[in-house]
file my_file-v6.txt (compact mmCIF, C-alpha atoms)
# COMPACT_ATOMS: atom_id res chain seq x y z
CA MET A 1 -89.93 -82.59 -94.01
CA ARG A 2 -92.81 -81.68 -91.75
CA LEU A 3 -95.19 -78.99 -92.92
CA GLY A 4 -95.01 -77.31 -89.52
CA SER A 5 -91.34 -76.50 -90.06
CA LEU A 6 -91.96 -74.40 -93.20
CA PRO A 7 -92.97 -71.15 -91.37
CA LEU A 8 -89.84 -71.41 -89.21
CA MET A 9 -87.65 -71.89 -92.26
CA ALA A 10 -89.28 -68.94 -94.01
CA MET A 11 -88.67 -66.73 -90.97
CA ALA A 12 -85.05 -67.83 -90.84
CA LEU A 13 -84.55 -66.94 -94.50
CA VAL A 14 -86.13 -63.52 -94.00
CA LEU A 15 -83.92 -62.81 -90.97
CA ALA A 16 -80.82 -63.94 -92.86
CA GLY A 17 -81.69 -61.60 -95.69
CA LEU A 18 -82.14 -58.68 -93.30
CA VAL A 19 -78.80 -59.35 -91.66
CA ALA A 20 -77.07 -59.56 -95.03
CA GLY A 21 -78.71 -56.30 -96.10
CA CYS A 22 -77.50 -54.51 -92.98
CA GLY A 23 -73.95 -55.63 -93.63
CA SER A 24 -73.73 -54.45 -97.25
CA ALA A 25 -72.02 -51.14 -98.01
CA PRO A 26 -74.17 -48.24 -99.24
CA PRO A 27 -73.88 -47.52 -102.96
CA ARG A 28 -71.13 -45.13 -104.01
CA PRO A 29 -72.67 -41.72 -104.78
CA THR A 30 -72.02 -39.97 -108.06
CA TYR A 31 -70.58 -36.47 -108.27
CA ALA A 32 -71.11 -33.75 -110.82
CA ASP A 33 -68.23 -32.69 -113.02
CA ILE A 34 -66.43 -29.60 -111.72
CA ARG A 35 -66.87 -26.80 -114.25
CA PHE A 36 -66.33 -23.03 -114.37
CA ASN A 37 -69.25 -21.96 -116.54
CA ASP A 38 -70.58 -19.68 -113.80
CA GLU A 39 -67.44 -17.52 -113.99
CA PRO A 40 -67.09 -14.79 -116.62
CA PRO A 41 -64.85 -15.95 -119.47
CA ILE A 42 -61.35 -14.52 -119.76
CA ARG A 43 -61.27 -13.05 -123.26
CA LEU A 44 -57.87 -13.25 -124.90
CA ALA A 45 -56.79 -11.95 -128.30
CA VAL A 46 -56.08 -15.43 -129.65
CA GLY A 47 -57.54 -17.61 -132.35
CA GLY A 48 -57.87 -20.73 -130.18
CA VAL A 49 -56.76 -22.62 -127.09
CA ASP A 50 -54.56 -25.72 -127.12
CA ILE A 51 -54.50 -27.98 -124.04
CA GLN A 52 -51.31 -29.96 -123.48
CA SER A 53 -49.72 -31.90 -120.63
CA THR A 54 -46.17 -32.61 -119.52
CA TRP A 55 -47.36 -34.31 -116.33
CA GLN A 56 -46.88 -38.07 -116.05
CA PRO A 57 -49.70 -39.56 -113.92
CA SER A 58 -49.12 -42.59 -111.74
CA ILE A 59 -51.44 -45.23 -110.29
CA GLN A 60 -48.79 -46.45 -107.87
CA PRO A 61 -48.89 -45.59 -104.16
CA PRO A 62 -48.68 -43.06 -102.65
CA HIS A 63 -50.53 -41.50 -105.63
CA VAL A 64 -54.32 -41.53 -105.26
CA GLU A 65 -55.50 -38.85 -107.72
CA HIS A 66 -56.86 -41.52 -110.07
CA LEU A 67 -59.27 -42.63 -107.31
CA PHE A 68 -60.91 -39.21 -106.96
CA PRO A 69 -64.59 -38.84 -108.00
CA VAL A 70 -63.42 -36.11 -110.40
CA GLU A 71 -59.68 -36.25 -111.09
CA PRO A 72 -57.78 -32.96 -110.71
CA VAL A 73 -56.28 -33.29 -114.20
CA ARG A 74 -59.79 -33.36 -115.68
CA VAL A 75 -60.74 -30.23 -113.74
CA LEU A 76 -57.66 -28.42 -115.05
CA GLU A 77 -58.74 -29.29 -118.58
CA ASN A 78 -62.25 -28.04 -117.78
CA TRP A 79 -60.78 -24.79 -116.49
CA ALA A 80 -58.99 -24.09 -119.77
CA ARG A 81 -62.10 -24.90 -121.82
CA ASP A 82 -64.50 -22.92 -119.64
CA ARG A 83 -62.46 -19.86 -118.66
CA ILE A 84 -60.34 -18.98 -121.70
CA ALA A 85 -62.42 -17.43 -124.47
CA PRO A 86 -60.64 -16.81 -127.80
CA ALA A 87 -61.55 -13.33 -129.05
CA GLY A 88 -59.75 -13.68 -132.39
CA GLY A 89 -56.26 -13.07 -133.65
CA SER A 90 -53.29 -14.84 -135.18
CA ALA A 91 -51.80 -15.84 -131.80
CA ARG A 92 -52.84 -18.93 -129.85
CA ALA A 93 -53.17 -19.73 -126.16
CA VAL A 94 -51.42 -22.88 -124.96
CA PHE A 95 -52.43 -24.30 -121.58
CA VAL A 96 -49.87 -26.81 -120.29
CA ILE A 97 -50.71 -29.06 -117.32
CA GLU A 98 -47.54 -29.67 -115.32
CA ASP A 99 -48.89 -31.32 -112.16
CA ALA A 100 -52.23 -32.74 -111.00
CA SER A 101 -51.16 -35.12 -108.26
CA VAL A 102 -52.49 -36.16 -104.89
CA ILE A 103 -50.26 -38.00 -102.43
CA GLU A 104 -51.59 -40.07 -99.53
CA VAL A 105 -49.52 -39.80 -96.33
CA ASP A 106 -50.11 -42.27 -93.51
CA LEU A 107 -50.09 -40.49 -90.16
CA LYS A 108 -48.55 -41.94 -87.03
CA LYS A 109 -51.23 -42.79 -84.48
CA LYS A 110 -50.88 -42.84 -80.72
CA GLU A 111 -50.54 -46.44 -79.54
CA SER A 112 -51.14 -45.92 -75.81
CA GLY A 113 -52.85 -43.61 -73.39
CA VAL A 114 -56.35 -42.19 -73.19
CA ALA A 115 -56.17 -40.62 -76.65
CA ALA A 116 -55.31 -43.96 -78.25
CA VAL A 117 -58.26 -45.71 -76.59
CA PHE A 118 -61.02 -43.12 -76.69
CA THR A 119 -60.12 -40.79 -79.55
CA ASN A 120 -60.88 -41.27 -83.21
CA GLN A 121 -57.44 -40.38 -84.54
CA PRO A 122 -56.31 -38.87 -87.83
CA SER A 123 -55.08 -41.65 -90.09
CA GLN A 124 -54.22 -40.15 -93.50
CA ARG A 125 -53.37 -36.78 -94.98
CA TYR A 126 -53.90 -35.99 -98.65
CA ASP A 127 -51.55 -33.48 -100.26
CA ALA A 128 -52.84 -32.18 -103.59
CA THR A 129 -50.96 -30.06 -106.12
CA VAL A 130 -52.06 -28.54 -109.40
CA GLN A 131 -49.71 -26.53 -111.59
CA ALA A 132 -50.15 -25.19 -115.09
CA THR A 133 -48.60 -22.67 -117.45
CA LEU A 134 -50.63 -20.53 -119.83
CA ARG A 135 -48.68 -19.21 -122.82
CA ILE A 136 -49.58 -16.99 -125.71
CA VAL A 137 -47.59 -17.87 -128.81
CA ASP A 138 -47.46 -15.86 -132.00
CA ASP A 139 -48.10 -17.23 -135.49
CA ARG A 140 -44.52 -18.56 -135.61
CA GLY A 141 -44.96 -20.45 -132.32
CA THR A 142 -42.80 -18.04 -130.30
CA PRO A 143 -44.05 -17.39 -126.74
CA VAL A 144 -44.87 -13.72 -126.21
CA ARG A 145 -46.55 -13.96 -122.79
CA TYR A 146 -46.74 -16.65 -120.14
CA VAL A 147 -47.76 -17.21 -116.53
CA THR A 148 -47.37 -20.24 -114.27
CA VAL A 149 -49.62 -20.95 -111.30
CA LYS A 150 -49.25 -23.59 -108.60
CA ALA A 151 -51.94 -24.29 -106.01
CA THR A 152 -51.76 -26.76 -103.12
CA ARG A 153 -54.16 -28.04 -100.51
CA SER A 154 -54.06 -30.70 -97.79
CA GLU A 155 -56.88 -32.54 -96.02
CA THR A 156 -56.70 -34.98 -93.09
CA VAL A 157 -59.21 -37.77 -92.46
CA LEU A 158 -59.99 -39.82 -89.37
CA GLU A 159 -59.37 -43.53 -89.03
CA ASP A 160 -63.06 -44.52 -89.09
CA ILE A 161 -63.94 -42.63 -92.27
CA SER A 162 -66.21 -44.53 -94.63
CA PRO A 163 -65.37 -44.94 -98.33
CA ASN A 164 -68.25 -42.65 -99.30
CA ASP A 165 -67.18 -39.95 -96.84
CA ARG A 166 -63.63 -40.20 -98.18
CA ASP A 167 -64.97 -39.63 -101.71
CA LYS A 168 -66.89 -36.60 -100.46
CA THR A 169 -63.75 -35.23 -98.78
CA TRP A 170 -61.77 -35.71 -101.99
CA TYR A 171 -64.46 -34.02 -104.08
CA GLU A 172 -64.72 -30.97 -101.81
CA MET A 173 -60.93 -30.81 -101.64
CA THR A 174 -60.72 -30.69 -105.44
CA LYS A 175 -63.31 -27.90 -105.64
CA LYS A 176 -61.43 -25.78 -103.09
CA LEU A 177 -58.07 -26.48 -104.71
CA MET A 178 -59.32 -25.43 -108.13
CA ALA A 179 -61.03 -22.35 -106.72
CA ASP A 180 -57.60 -21.30 -105.42
CA PHE A 181 -56.06 -22.03 -108.82
CA ASP A 182 -58.77 -20.05 -110.61
CA ARG A 183 -58.23 -16.97 -108.43
CA GLN A 184 -54.47 -17.06 -108.85
CA MET A 185 -54.51 -17.69 -112.60
CA SER A 186 -57.08 -14.94 -113.21
CA ALA A 187 -54.94 -12.45 -111.29
CA GLU A 188 -51.76 -13.48 -113.13
CA ILE A 189 -53.41 -13.12 -116.53
CA SER A 190 -54.72 -9.65 -115.64
CA ALA A 191 -51.27 -8.57 -114.46
CA ASN A 192 -49.12 -10.07 -117.23
CA PHE A 193 -51.09 -10.42 -120.46
CA GLY A 194 -51.14 -6.74 -121.42
CA GLY A 195 -51.98 -6.31 -125.09
CA TYR A 196 -53.71 -9.71 -125.23
CA PHE A 197 -56.13 -9.43 -122.34
CA ASN A 198 -59.49 -7.98 -123.39

call {"tool": "encode", "arguments": {"input": "my_file-v6.txt", "output": "structure tokens"}}
result
Amino acid sequence: MRLGSLPLMAMALVLAGLVAGCGSAPPRPTYADIRFNDEPPIRLAVGGVDIQSTWQPSIQPPHVEHLFPVEPVRVLENWARDRIAPAGGSARAVFVIEDASVIEVDLKKKESGVAAVFTNQPSQRYDATVQATLRIVDDRGTPVRYVTVKATRSETVLEDISPNDRDKTWYEMTKKLMADFDRQMSAEISANFGGYFN
């Protein structure tokens, strides 16, 4: 090998490295857990809070909730821990998760015309549902009060969305969905838990 060829080889290696670096995907960002510590606690005349679930999660399409940066089922659990404050008593609060699913729906795109050529079209819609029942049971396990709340939200993304932007969309979607759930559940407790709502 001639010595004069070494600088050319070094330049080629540097250029190859730059090209490879440009082609690599940016690192996946991390997202903070979604909590409700900033909200005033809902004080109930109970000795404790039990969190249960009757929902059966799935990792099979069209389910995508397990891919979310913070899964909706985890945020429901956080809600019960953060918002319900036992104020003492022989009764118990039982928070039952009944749904925490997100379904991916492929949207039909236009195949011809100006819109098909020049427009970045919607490609998927995400339909999210959370549902939970909060019960108060007496010391014999008999329900004496209960409320059920269901919240839904849908978001559509465009066909050129990046993986990181999809994660961001999912995260913001979960925050808005759970804000809706929080408002509804707080109102239902105030209206229906007379005698146990402090």

call {"tool": "residues_around", "arguments": {"input": "my_file-v6.txt", "residues": "stretch 153-160 of chain A", "least_positions_apart": "3", "cutoff": "9 Å", "atoms": "only C-alpha atoms", "output": "MDAnalysis selection string"}}
result
chainID A and resid 120:129 166 169:170 173:174 176:177

call {"tool": "atom_distance", "arguments": {"input": "my_file-v6.txt", "atom1": "atom CA of A:Gly195", "atom2": "atom CA of A:Arg145"}}
result
9.7 Å

call {"tool": "closest_residue", "arguments": {"input": "my_file-v6.txt", "among": "A:Pro163, A:Gly194, A:Gly141, A:Pro41", "to": "A:Phe68", "atoms": "only C-alpha atoms"}}
result
A:Pro163

call {"tool": "atom_distance", "arguments": {"input": "my_file-v6.txt", "atom1": "atom CA of A:Pro86", "atom2": "atom CA of A:Ala191"}}
result
18.3 Å

call {"tool": "closest_residue", "arguments": {"input": "my_file-v6.txt", "among": "A:Thr133, A:Ser53, A:Asn78, A:Thr142", "to": "A:Glu188", "atoms": "only C-alpha atoms"}}
result
A:Thr133

call {"tool": "atom_distance", "arguments": {"input": "my_file-v6.txt", "atom1": "atom CA of A:Ile161", "atom2": "atom CA of A:Asp33"}}
result
23.4 Å

call {"tool": "closest_residue", "arguments": {"input": "my_file-v6.txt", "among": "A:Lys175, A:Lys150, A:Arg35, A:Arg28", "to": "A:Ile97", "atoms": "all atoms listed in the file"}}
result
A:Lys150

call {"tool": "closest_residue", "arguments": {"input": "my_file-v6.txt", "among": "A:Thr119, A:Ser101, A:Ser186, A:Asn164", "to": "A:Ser58", "atoms": "all atoms listed in the file"}}
result
A:Ser101
